[in-house]
Amino acid sequence: MIKLENSVVAHCTPEDVWRHFEDVSKWPANVPSIIGAAKWESGEPWKPGSKFSMKLLKPMPVYFTPEIVDAAPPNSVHWIARGSGVTAEQWFHFEAQDDGSTKMTARQHFDGPMTFMFGETVQRQITEMYDEWMNMVKTQAEAK
């Protein structure tokens with residue numbers, strides 16, 4: 001299993017962060033170098049069992065249809081996507097800090113027979129992609 005994690009602090013509330021994270025249809029416009037397409041496919045957004053599709057452009061073009069496992073807006077979401085010999089689990093946490101800021105954390109777990117392709121270079125590219133994505137959400141949320 002491959003485990004990766006990214007964190008950044010946003011100088012705003014978890015509610016501000018969530019407002020800029022929750023609408024998956026805006027992800028391609030908000031981070032066009034990372035996400036080529038995203039939309040809800042079934043179920044009520046951010047409810048267990050609901051699904052959305054997305055095309056990631058980095059580190060290589062790939063389509064996913066994540067299923068929401070758990071969500072507690074505006075503080076957390078957990079999804080899982082299976083396909084092409086890889087199971088990808090994703091957690092986002094938006095944790096209020098005592099100083100009024102929000103610690104944004106993204107964790108990814110990758111498992112399955114095709115993860116042998118996830119060498120150091122690919123893992124670094126995935127980490128860089130999440131850094132870019134989270135910093136964009138941070139910038140947008142701080143601007144309110």
# chains A, B, ... in the order shown; residues from 1 in each chain; ligands from 1
>>> residues_around(residues="stretch 35-52 of chain A", least_positions_apart="6", cutoff="6 Å", atoms="only C-alpha atoms", output="PyMOL selection string")
chain A and resi 24-25+28+65-71
>>> select_by_dssp(residues="stretch 74-121 of chain A", states="strand (DSSP E or B)", output="ChimeraX atom specification")
/A:76-83,86-96,102-111
>>> atom_distance(atom1="atom CA of A:Ile126", atom2="atom CA of A:Leu4")
8.4 Å
>>> closest_residue(among="A:Asp23, A:Asp131, A:Glu15, A:Glu120", to="A:Arg107", atoms="only C-alpha atoms")
A:Asp131
>>> closest_residue(among="A:Met117, A:Val17, A:Ile34, A:Ala143", to="A:Ser76", atoms="only C-alpha atoms")
A:Val17
>>> select_by_dssp(residues="stretch 23-133 of chain A", states="helix (DSSP H, G or I)", output="MDAnalysis selection string")
chainID A and resid 24:30 113:117 120:133
>>> atom_distance(atom1="atom CA of A:Trp79", atom2="atom CA of A:Tyr130")
15.3 Å
>>> closest_residue(among="A:Gln97, A:Thr127, A:Thr87, A:Gln140", to="A:His109", atoms="only C-alpha atoms")
A:Thr87
>>> atom_distance(atom1="atom CA of A:Pro73", atom2="atom CA of A:Met129")
23.1 Å
>>> residues_around(residues="A:Arg19", least_positions_apart="3", cutoff="9 Å", atoms="only C-alpha atoms", output="NGL selection string")
:A and (14-16 or 22-23 or 74 or 141 or 144)
>>> closest_residue(among="A:Trp133, A:Glu142, A:Asp111, A:Thr105", to="A:Ser7", atoms="only C-alpha atoms")
A:Thr105
>>> closest_residue(among="A:Gly112, A:Pro32, A:Gly119, A:Gly100", to="A:Ala81", atoms="only C-alpha atoms")
A:Gly112
>>> residues_around(residues="A:Asn135", least_positions_apart="6", cutoff="9 Å", atoms="only C-alpha atoms", output="PDB file with all heavy atoms, in the first residue's frame")
ATOM      1  N   VAL A   8      -1.814  21.998   4.445  1.00  0.00           N
ATOM      2  CA  VAL A   8      -1.589  23.430   4.287  1.00  0.00           C
ATOM      3  C   VAL A   8      -2.546  24.127   5.249  1.00  0.00           C
ATOM      4  O   VAL A   8      -3.595  23.585   5.582  1.00  0.00           O
ATOM      5  CB  VAL A   8      -1.803  23.882   2.816  1.00  0.00           C
ATOM      6  CG1 VAL A   8      -3.248  23.714   2.390  1.00  0.00           C
ATOM      7  CG2 VAL A   8      -1.329  25.296   2.600  1.00  0.00           C
ATOM      8  N   VAL A   9      -2.157  25.307   5.710  1.00  0.00           N
ATOM      9  CA  VAL A   9      -3.015  26.072   6.610  1.00  0.00           C
ATOM     10  C   VAL A   9      -3.626  27.235   5.838  1.00  0.00           C
ATOM     11  O   VAL A   9      -2.914  28.006   5.190  1.00  0.00           O
ATOM     12  CB  VAL A   9      -2.232  26.590   7.837  1.00  0.00           C
ATOM     13  CG1 VAL A   9      -3.104  27.512   8.681  1.00  0.00           C
ATOM     14  CG2 VAL A   9      -1.730  25.420   8.677  1.00  0.00           C
ATOM     15  N   ALA A  10      -4.955  27.334   5.905  1.00  0.00           N
ATOM     16  CA  ALA A  10      -5.681  28.434   5.276  1.00  0.00           C
ATOM     17  C   ALA A  10      -6.119  29.398   6.367  1.00  0.00           C
ATOM     18  O   ALA A  10      -6.600  28.972   7.422  1.00  0.00           O
ATOM     19  CB  ALA A  10      -6.903  27.903   4.525  1.00  0.00           C
TER      20      ALA A  10
END
